[in-house]
>>> print(open('model.csv').read())   # CSV, C-alpha atoms and all ligand atoms
chain,number,residue,atom,x,y,z
R,1,MET,CA,-0.5,6.4,-11.6
R,2,GLY,CA,0.7,3.0,-10.5
R,3,ALA,CA,3.9,2.2,-8.5
R,4,PHE,CA,7.0,3.0,-10.5
R,5,ARG,CA,10.4,1.3,-10.2
R,6,ASN,CA,12.5,3.4,-12.6
R,7,ILE,CA,12.2,7.2,-12.8
R,8,VAL,CA,14.0,9.8,-14.9
R,9,VAL,CA,13.4,13.4,-13.9
R,10,LEU,CA,14.5,16.3,-16.2
R,11,THR,CA,14.7,19.7,-14.7
R,12,GLY,CA,15.1,23.1,-16.3
R,13,ALA,CA,15.5,26.7,-15.3
R,14,GLY,CA,11.9,26.9,-14.0
R,15,ILE,CA,12.8,24.8,-11.0
R,16,SER,CA,15.3,27.4,-9.9
R,17,ALA,CA,13.1,30.4,-10.7
R,18,GLU,CA,11.6,30.5,-7.2
R,19,SER,CA,15.2,30.6,-5.8
R,20,GLY,CA,15.6,33.9,-7.7
R,21,LEU,CA,17.6,32.6,-10.7
R,22,LYS,CA,16.2,34.0,-13.9
R,23,THR,CA,14.9,31.6,-16.6
R,24,PHE,CA,16.1,32.0,-20.2
R,25,ARG,CA,13.0,32.5,-22.3
R,26,ALA,CA,10.8,34.6,-19.9
R,27,GLU,CA,10.1,38.2,-20.8
R,28,ASP,CA,12.7,39.3,-18.3
R,29,GLY,CA,14.9,36.3,-19.2
R,30,LEU,CA,18.6,36.3,-19.4
R,31,TRP,CA,18.8,36.7,-23.2
R,32,GLU,CA,17.1,40.1,-23.1
R,33,GLU,CA,20.2,41.4,-21.4
R,34,HIS,CA,22.6,39.2,-23.3
R,35,ARG,CA,21.8,37.7,-26.6
R,36,VAL,CA,22.3,33.9,-26.5
R,37,GLU,CA,24.6,33.9,-29.5
R,38,ASP,CA,26.8,36.6,-27.8
R,39,VAL,CA,27.5,34.4,-24.8
R,40,ALA,CA,26.6,30.7,-25.1
R,41,THR,CA,28.6,29.5,-28.1
R,42,PRO,CA,32.2,28.6,-28.6
R,43,GLU,CA,32.4,31.1,-31.4
R,44,ALA,CA,31.3,33.9,-29.0
R,45,PHE,CA,34.0,32.8,-26.5
R,46,ALA,CA,36.7,32.9,-29.2
R,47,ARG,CA,35.5,36.3,-30.4
R,48,ASP,CA,35.0,38.1,-27.1
R,49,PRO,CA,36.2,36.0,-24.1
R,50,ALA,CA,35.8,38.9,-21.7
R,51,LEU,CA,32.1,39.3,-22.4
R,52,VAL,CA,31.5,35.6,-21.9
R,53,GLN,CA,33.6,35.4,-18.8
R,54,ARG,CA,31.8,38.4,-17.3
R,55,PHE,CA,28.4,36.9,-18.1
R,56,TYR,CA,29.3,33.6,-16.3
R,57,ASP,CA,31.0,35.5,-13.4
R,58,LEU,CA,27.7,37.1,-12.8
R,59,ARG,CA,25.8,33.8,-13.1
R,60,ARG,CA,28.3,32.2,-10.7
R,61,ALA,CA,27.8,34.9,-8.1
R,62,GLY,CA,24.0,34.6,-8.5
R,63,VAL,CA,24.1,30.9,-7.9
R,64,LEU,CA,26.3,31.2,-4.8
R,65,ALA,CA,23.8,33.7,-3.4
R,66,ALA,CA,20.8,31.6,-4.1
R,67,ALA,CA,19.3,28.8,-1.9
R,68,PRO,CA,17.3,25.7,-2.8
R,69,ASN,CA,13.5,26.0,-2.8
R,70,PRO,CA,10.8,23.5,-1.8
R,71,ALA,CA,10.9,21.9,-5.3
R,72,HIS,CA,14.7,21.0,-4.9
R,73,ALA,CA,14.0,19.8,-1.4
R,74,ALA,CA,11.2,17.5,-2.6
R,75,LEU,CA,13.4,15.9,-5.2
R,76,ALA,CA,16.1,15.4,-2.6
R,77,ARG,CA,13.5,13.7,-0.4
R,78,LEU,CA,12.6,11.5,-3.4
R,79,ASP,CA,16.3,10.7,-3.9
R,80,ARG,CA,16.7,9.6,-0.3
R,81,ALA,CA,13.4,7.7,0.1
R,82,PHE,CA,12.9,6.1,-3.3
R,83,ASP,CA,14.4,2.6,-3.4
R,84,GLY,CA,13.9,2.2,-7.2
R,85,GLU,CA,16.2,3.5,-9.9
R,86,LEU,CA,16.2,7.3,-10.1
R,87,LEU,CA,18.2,9.8,-12.3
R,88,ILE,CA,17.7,13.5,-12.0
R,89,VAL,CA,19.0,15.0,-15.2
R,90,THR,CA,19.3,18.7,-14.9
R,91,GLN,CA,19.9,21.3,-17.7
R,92,ASN,CA,20.7,23.8,-15.0
R,93,ILE,CA,24.2,24.9,-14.2
R,94,ASP,CA,23.5,25.7,-10.6
R,95,ASP,CA,24.1,23.3,-7.7
R,96,LEU,CA,20.7,23.7,-6.0
R,97,HIS,CA,19.8,20.0,-6.4
R,98,GLU,CA,23.0,19.0,-4.6
R,99,ARG,CA,22.7,21.7,-1.9
R,100,ALA,CA,19.1,20.4,-1.2
R,101,GLY,CA,20.7,17.0,-0.6
R,102,ALA,CA,20.1,15.1,-3.9
R,103,ALA,CA,22.9,12.7,-4.9
R,104,ARG,CA,21.6,11.1,-8.1
R,105,VAL,CA,22.0,14.2,-10.2
R,106,LEU,CA,23.6,14.6,-13.7
R,107,HIS,CA,24.4,18.0,-15.1
R,108,MET,CA,24.0,17.6,-18.9
R,109,HIS,CA,24.8,21.3,-19.6
R,110,GLY,CA,27.7,21.5,-17.2
R,111,GLU,CA,28.2,23.5,-14.0
R,112,VAL,CA,29.0,27.1,-13.4
R,113,LEU,CA,30.9,26.3,-10.3
R,114,SER,CA,33.4,24.3,-12.3
R,115,ALA,CA,36.2,25.6,-14.5
R,116,TRP,CA,37.7,23.5,-17.4
R,117,CYS,CA,41.3,23.9,-18.5
R,118,LEU,CA,41.5,23.8,-22.3
R,119,ALA,CA,45.3,23.1,-22.0
R,120,CYS,CA,45.4,20.0,-19.7
R,121,ASP,CA,41.7,19.1,-19.6
R,122,ALA,CA,41.5,19.2,-15.8
R,123,ARG,CA,38.3,20.4,-14.1
R,124,HIS,CA,38.3,22.4,-10.9
R,125,ARG,CA,35.7,23.5,-8.4
R,126,TRP,CA,35.5,27.3,-9.1
R,127,GLU,CA,33.7,29.9,-7.1
R,128,ARG,CA,35.8,33.0,-8.0
R,129,SER,CA,36.0,35.1,-11.2
R,130,LEU,CA,37.4,33.8,-14.4
R,131,LEU,CA,37.5,37.2,-16.0
R,132,ASP,CA,40.9,38.1,-14.6
R,133,SER,CA,42.5,35.1,-16.4
R,134,PRO,CA,43.7,33.0,-13.4
R,135,PRO,CA,46.1,30.1,-14.2
R,136,CYS,CA,44.9,26.5,-14.1
R,137,PRO,CA,45.8,25.1,-10.6
R,138,ALA,CA,47.0,21.8,-12.3
R,139,CYS,CA,49.2,23.0,-15.2
R,140,GLY,CA,49.5,26.7,-14.8
R,141,ALA,CA,48.2,27.6,-18.3
R,142,VAL,CA,45.9,30.6,-18.7
R,143,ALA,CA,43.3,28.5,-20.4
R,144,LEU,CA,40.3,28.2,-18.1
R,145,ARG,CA,36.7,28.4,-19.4
R,146,PRO,CA,33.4,27.9,-17.7
R,147,ASP,CA,32.5,24.2,-17.7
R,148,ILE,CA,29.3,24.9,-19.6
R,149,VAL,CA,27.8,23.2,-22.7
R,150,TRP,CA,27.3,25.8,-25.3
R,151,PHE,CA,25.2,25.7,-28.4
R,152,GLY,CA,26.8,23.4,-30.9
R,153,GLU,CA,28.7,21.4,-28.2
R,154,MET,CA,27.8,17.9,-27.1
R,155,PRO,CA,25.9,17.8,-23.8
R,156,TYR,CA,27.5,15.6,-21.1
R,157,ARG,CA,26.9,11.9,-20.5
R,158,MET,CA,24.3,11.4,-23.2
R,159,ASP,CA,24.9,7.6,-23.4
R,160,GLU,CA,24.0,7.3,-19.7
R,161,ILE,CA,20.9,9.6,-20.1
R,162,PHE,CA,19.6,7.7,-23.1
R,163,ALA,CA,20.2,4.3,-21.4
R,164,ALA,CA,18.2,5.6,-18.3
R,165,LEU,CA,15.4,6.9,-20.5
R,166,GLY,CA,15.2,3.5,-22.2
R,167,ARG,CA,14.7,1.8,-18.9
R,168,ALA,CA,12.4,4.3,-17.3
R,169,ASP,CA,8.8,3.6,-16.5
R,170,LEU,CA,8.1,7.2,-15.6
R,171,PHE,CA,9.6,10.3,-17.2
R,172,VAL,CA,8.9,13.7,-15.5
R,173,SER,CA,9.9,17.0,-16.9
R,174,ILE,CA,10.0,20.0,-14.5
R,175,GLY,CA,10.2,23.7,-15.5
R,176,THR,CA,11.7,23.5,-18.9
R,177,SER,CA,10.4,25.1,-22.1
R,178,GLY,CA,11.2,22.2,-24.5
R,179,ALA,CA,13.0,24.6,-26.8
R,180,VAL,CA,16.5,23.2,-26.6
R,181,TYR,CA,17.6,19.8,-28.0
R,182,PRO,CA,18.5,17.1,-27.2
R,183,ALA,CA,16.7,17.5,-23.8
R,184,ALA,CA,13.5,18.5,-25.6
R,185,GLY,CA,13.5,15.1,-27.3
R,186,PHE,CA,13.8,13.0,-24.1
R,187,VAL,CA,10.0,12.8,-23.7
R,188,GLN,CA,9.6,11.1,-27.0
R,189,HIS,CA,12.5,8.8,-26.4
R,190,ALA,CA,11.1,7.7,-23.0
R,191,ALA,CA,7.6,7.3,-24.3
R,192,HIS,CA,8.8,5.2,-27.3
R,193,HIS,CA,10.4,2.8,-24.8
R,194,GLY,CA,7.2,2.5,-22.8
R,195,ALA,CA,7.5,5.2,-20.0
R,196,ARG,CA,4.5,7.2,-18.8
R,197,THR,CA,5.3,10.9,-19.2
R,198,LEU,CA,4.4,13.8,-16.9
R,199,GLU,CA,5.1,17.5,-17.3
R,200,LEU,CA,5.1,20.0,-14.3
R,201,ASN,CA,5.3,23.6,-15.5
R,202,LEU,CA,4.1,27.0,-14.7
R,203,GLU,CA,2.5,27.2,-18.1
R,204,ARG,CA,2.1,25.0,-21.2
R,205,SER,CA,5.4,24.5,-23.0
R,206,ALA,CA,6.4,23.9,-26.6
R,207,GLY,CA,6.4,20.2,-25.8
R,208,SER,CA,3.2,19.9,-23.7
R,209,HIS,CA,1.3,18.0,-26.3
R,210,LEU,CA,4.0,15.2,-26.2
R,211,PHE,CA,3.2,14.3,-22.5
R,212,ASP,CA,0.6,11.9,-21.2
R,213,GLU,CA,-0.2,14.5,-18.5
R,214,THR,CA,0.6,18.1,-17.8
R,215,ARG,CA,0.1,19.8,-14.4
R,216,LEU,CA,0.3,23.6,-14.3
R,217,GLY,CA,1.5,25.6,-11.4
R,218,PRO,CA,4.7,26.7,-9.6
R,219,ALA,CA,7.3,24.0,-9.1
R,220,SER,CA,7.4,24.8,-5.3
R,221,VAL,CA,3.9,23.4,-5.1
R,222,LEU,CA,3.6,20.8,-7.9
R,223,VAL,CA,6.9,19.0,-7.1
R,224,PRO,CA,6.3,18.3,-3.4
R,225,ASP,CA,2.8,17.1,-4.2
R,226,TRP,CA,4.0,14.8,-6.9
R,227,VAL,CA,6.8,13.4,-4.7
R,228,GLU,CA,4.4,12.6,-1.9
R,229,GLU,CA,2.2,10.8,-4.5
R,230,VAL,CA,5.1,8.7,-5.8
R,231,LEU,CA,6.5,7.8,-2.3
R,232,GLY,CA,3.0,7.0,-1.0
R,233,ARG,CA,2.4,4.6,-3.9
R,234,SER,CA,5.8,3.0,-3.8
R,235,ALA,CA,5.3,2.4,0.0
R,236,GLY,CA,2.0,0.8,-0.7
R,237,ARG,CA,3.0,-1.5,-3.5
X,1,LIG,C1,8.4,27.4,-14.1
X,1,LIG,C2,8.5,28.3,-13.1
X,1,LIG,C3,8.1,27.9,-11.9
X,1,LIG,C4,9.1,29.3,-14.9
X,1,LIG,N1,7.7,26.6,-11.7
X,1,LIG,N2,7.9,26.1,-14.0
X,1,LIG,C5,17.4,23.1,-35.0
X,1,LIG,C6,16.5,22.1,-34.6
X,1,LIG,C7,16.8,21.2,-33.6
X,1,LIG,C8,18.0,21.4,-32.8
X,1,LIG,C9,18.9,22.4,-33.2
X,1,LIG,C10,18.6,23.2,-34.3
X,1,LIG,N3,19.6,24.1,-34.5
X,1,LIG,C11,20.5,23.8,-33.5
X,1,LIG,C12,20.1,22.8,-32.8
X,1,LIG,C13,20.8,22.2,-31.6
X,1,LIG,C14,20.8,23.1,-30.4
X,1,LIG,C15,19.3,23.6,-30.1
X,1,LIG,O1,18.6,22.9,-29.5
X,1,LIG,N4,19.0,24.8,-30.5
X,1,LIG,C16,17.6,25.3,-30.3
X,1,LIG,C17,17.7,26.7,-30.0
X,1,LIG,C18,16.8,24.9,-31.5
X,1,LIG,N5,21.3,22.3,-29.3
X,1,LIG,C19,22.6,22.2,-29.0
X,1,LIG,O2,23.4,22.8,-29.7
X,1,LIG,C20,23.0,21.3,-27.9
X,1,LIG,N6,24.0,20.4,-28.4
X,1,LIG,C21,23.7,19.5,-29.4
X,1,LIG,O3,22.5,19.4,-29.9
X,1,LIG,O4,24.7,18.6,-29.7
X,1,LIG,C22,24.4,17.6,-30.7
X,1,LIG,C23,23.7,16.4,-30.3
X,1,LIG,C24,22.8,15.8,-31.2
X,1,LIG,C25,22.1,14.6,-30.7
X,1,LIG,C26,22.3,14.1,-29.5
X,1,LIG,C27,23.2,14.8,-28.6
X,1,LIG,C28,23.8,15.9,-29.0
X,1,LIG,C29,23.6,22.0,-26.8
X,1,LIG,C30,22.6,22.9,-26.1
X,1,LIG,C31,23.3,23.7,-25.0
X,1,LIG,C32,22.3,24.6,-24.3
X,1,LIG,N7,23.0,25.5,-23.5
X,1,LIG,C33,22.2,26.5,-22.7
X,1,LIG,C34,23.1,27.6,-22.2
X,1,LIG,C35,24.3,27.1,-21.4
X,1,LIG,C36,24.0,26.9,-20.0
X,1,LIG,C37,23.8,28.3,-19.3
X,1,LIG,O5,24.4,29.3,-19.6
X,1,LIG,O6,23.0,28.2,-18.3
X,1,LIG,O7,21.5,25.8,-21.7
X,1,LIG,S1,20.9,27.3,-23.6
X,1,LIG,C38,19.8,27.4,-22.3
X,1,LIG,O8,18.6,26.7,-22.6
X,1,LIG,C39,20.4,26.6,-21.1
X,1,LIG,C40,19.3,25.8,-20.6
X,1,LIG,O9,19.8,24.6,-19.9
X,1,LIG,C41,18.5,25.5,-21.9
X,1,LIG,C42,17.1,25.1,-21.7
X,1,LIG,O10,16.3,26.1,-21.1
X,1,LIG,P1,15.2,25.8,-20.0
X,1,LIG,O11,15.8,25.3,-18.8
X,1,LIG,O12,14.1,25.0,-20.7
X,1,LIG,O13,14.7,27.3,-19.7
X,1,LIG,P2,13.6,28.2,-20.4
X,1,LIG,O14,13.8,29.6,-19.9
X,1,LIG,O15,13.6,28.0,-21.8
X,1,LIG,O16,12.2,27.7,-19.8
X,1,LIG,C43,11.9,27.8,-18.4
X,1,LIG,C44,10.6,27.0,-18.2
X,1,LIG,O17,10.3,27.1,-16.8
X,1,LIG,C45,9.4,27.6,-18.9
X,1,LIG,O18,8.6,26.6,-19.6
X,1,LIG,C46,8.5,28.2,-17.8
X,1,LIG,O19,7.1,28.1,-18.0
X,1,LIG,C47,8.9,27.4,-16.6
X,1,LIG,N8,8.8,28.0,-15.3
X,1,LIG,N9,9.0,29.5,-13.7
X,1,LIG,C48,7.6,25.8,-12.8
X,1,LIG,N10,8.1,28.7,-10.8
>>> encode(input="model.csv", output="structure tokens")
Amino acid sequence: MGAFRNIVVLTGAGISAESGLKTFRAEDGLWEEHRVEDVATPEAFARDPALVQRFYDLRRAGVLAAAPNPAHAALARLDRAFDGELLIVTQNIDDLHERAGAARVLHMHGEVLSAWCLACDARHRWERSLLDSPPCPACGAVALRPDIVWFGEMPYRMDEIFAALGRADLFVSIGTSGAVYPAAGFVQHAAHHGARTLELNLERSAGSHLFDETRLGPASVLVPDWVEEVLGRSAGR
């Protein structure tokens, strides 16, 4: 791989697996306990808000109890040391990239530590339960939902993401199954605009055949190795 000037990294649940947060589509994945259509759609929230709030209350508590792992730390090191353009697009709703020290992070599927008021549109940092119907700190309405992008909703900041993908000379996908769109299509968009594409995953994914290169192994090993490789090359260019 040559020296790169413009990198887009996409992360998925696999990067947080070694921090103890379950992935979605593993055998012991979240959807075995809660069917996706019972919790991650606006229709489910309208039908049974308590079920959805309870599910995300548990996820919020799990995130607060988790800590970043060496893969998050390596991306934070890349963010600090890489003087080219970098965007870390995460599908994850945890804050482990930020807690590891990364700044150039975009949460396309929202954040579990954020609550969104459907009455006044304000967003608030939220670490407590939403199940007991707390009022919005801004307007007082009882209308807070998890600030999460559910199936059928538009992921956040897509214009920014596609613009970055169009400029990228390297696209790296870490720990995502390639099962959920539009994120699953980013590799083709980046490749179409001339980027080299690299996948880091524990096992081959639905989209592996779309990448120039796939490296298999745990993110806690593959990501630090890859970051060292990139920083070594950018220092030597
Ligand atoms: C390791 C590891 C280790 C493990 N080291 N690796 C038919 C065709 C095409 C599309 C559609 C369709 N019908 C409907 C759609 C659209 C729909 C969709 O994609 N559905 C699919 C099921 C087909 N998408 C949407 O509705 C999205 N919105 C949308 O499309 O709007 C319109 C639009 C159009 C065009 C442009 C823009 C917009 C919204 C999707 C919202 C997704 N929401 C969720 C839940 C909410 C968040 C939450 O509760 O956390 O987001 S679903 C869930 O899946 C979550 C994740 O972010 C997302 C992706 O999962 P991820 O991260 O890939 O996890 P896993 O478990 O699948 O994979 C883990 C991977 O890690 C595996 O590969 C392991 O091998 C690996 N791994 N341990 C390295 N230690």
>>> closest_residue(input="model.csv", among="R:Gly232, R:Gly62, R:Gly217, R:Gly101", to="ligand LIG 1 (chain X)", atoms="all atoms listed in the file")
R:Gly217
>>> closest_residue(input="model.csv", among="R:Asp95, R:Glu199, R:Glu43, R:Glu111", to="Ala66 in chain R", atoms="all atoms listed in the file")
R:Asp95
>>> closest_residue(input="model.csv", among="R:Val52, R:Ala76, R:His193, R:Asn201", to="His34 in chain R", atoms="only C-alpha atoms")
R:Val52
>>> atom_distance(input="model.csv", atom1="CA of Ala143 in chain R", atom2="CA of Cys117 in chain R")
5.4 Å
>>> residues_around(input="model.csv", residues="Val221 in chain R", least_positions_apart="3", cutoff="12 Å", atoms="all atoms listed in the file", output="list in words")
Ile15, Glu18, Asn69, Pro70, Ala71, His72, Ala73, Ala74, Ile174, Leu200, Asn201, Leu202, Arg215, Leu216, Gly217, Pro218, Pro224, Asp225, Trp226, Val227 and Glu228 of chain R
>>> write_last_selection(input="model.csv", atoms="C-alpha atoms", output="PDB file, in the frame of the given file")
ATOM      1  CA  ILE R  15      12.800  24.800 -11.000  1.00  0.00           C
ATOM      2  CA  GLU R  18      11.600  30.500  -7.200  1.00  0.00           C
ATOM      3  CA  ASN R  69      13.500  26.000  -2.800  1.00  0.00           C
ATOM      4  CA  PRO R  70      10.800  23.500  -1.800  1.00  0.00           C
ATOM      5  CA  ALA R  71      10.900  21.900  -5.300  1.00  0.00           C
ATOM      6  CA  HIS R  72      14.700  21.000  -4.900  1.00  0.00           C
ATOM      7  CA  ALA R  73      14.000  19.800  -1.400  1.00  0.00           C
ATOM      8  CA  ALA R  74      11.200  17.500  -2.600  1.00  0.00           C
ATOM      9  CA  ILE R 174      10.000  20.000 -14.500  1.00  0.00           C
ATOM     10  CA  LEU R 200       5.100  20.000 -14.300  1.00  0.00           C
ATOM     11  CA  ASN R 201       5.300  23.600 -15.500  1.00  0.00           C
ATOM     12  CA  LEU R 202       4.100  27.000 -14.700  1.00  0.00           C
ATOM     13  CA  ARG R 215       0.100  19.800 -14.400  1.00  0.00           C
ATOM     14  CA  LEU R 216       0.300  23.600 -14.300  1.00  0.00           C
ATOM     15  CA  GLY R 217       1.500  25.600 -11.400  1.00  0.00           C
ATOM     16  CA  PRO R 218       4.700  26.700  -9.600  1.00  0.00           C
ATOM     17  CA  PRO R 224       6.300  18.300  -3.400  1.00  0.00           C
ATOM     18  CA  ASP R 225       2.800  17.100  -4.200  1.00  0.00           C
ATOM     19  CA  TRP R 226       4.000  14.800  -6.900  1.00  0.00           C
ATOM     20  CA  VAL R 227       6.800  13.400  -4.700  1.00  0.00           C
ATOM     21  CA  GLU R 228       4.400  12.600  -1.900  1.00  0.00           C
TER      22      GLU R 228
END
>>> residues_near_ligand(input="model.csv", ligand="ligand LIG 1 (chain X)", cutoff="8 Å", atoms="all atoms listed in the file", output="count of residues only")
57
>>> closest_residue(input="model.csv", among="R:Ser114, R:His124, R:Ala191, R:Leu131", to="Asp48 in chain R", atoms="only C-alpha atoms")
R:Leu131
>>> atom_distance(input="model.csv", atom1="CA of Val63 in chain R", atom2="CA of Gly20 in chain R")
9.0 Å
>>> residues_around(input="model.csv", residues="Cys120 in chain R", least_positions_apart="2", cutoff="9 Å", atoms="only C-alpha atoms", output="PyMOL selection string")
chain R and resi 116-118+122+136+138-139+141+143
>>> atom_distance(input="model.csv", atom1="CA of Leu130 in chain R", atom2="CA of Leu21 in chain R")
20.2 Å
>>> closest_residue(input="model.csv", among="R:Arg5, R:Arg196, R:Arg80, R:Arg167", to="Glu213 in chain R", atoms="only C-alpha atoms")
R:Arg196
>>> closest_residue(input="model.csv", among="R:Gly207, R:Pro146, R:Gly166, R:Gly185", to="Thr41 in chain R", atoms="all atoms listed in the file")
R:Pro146
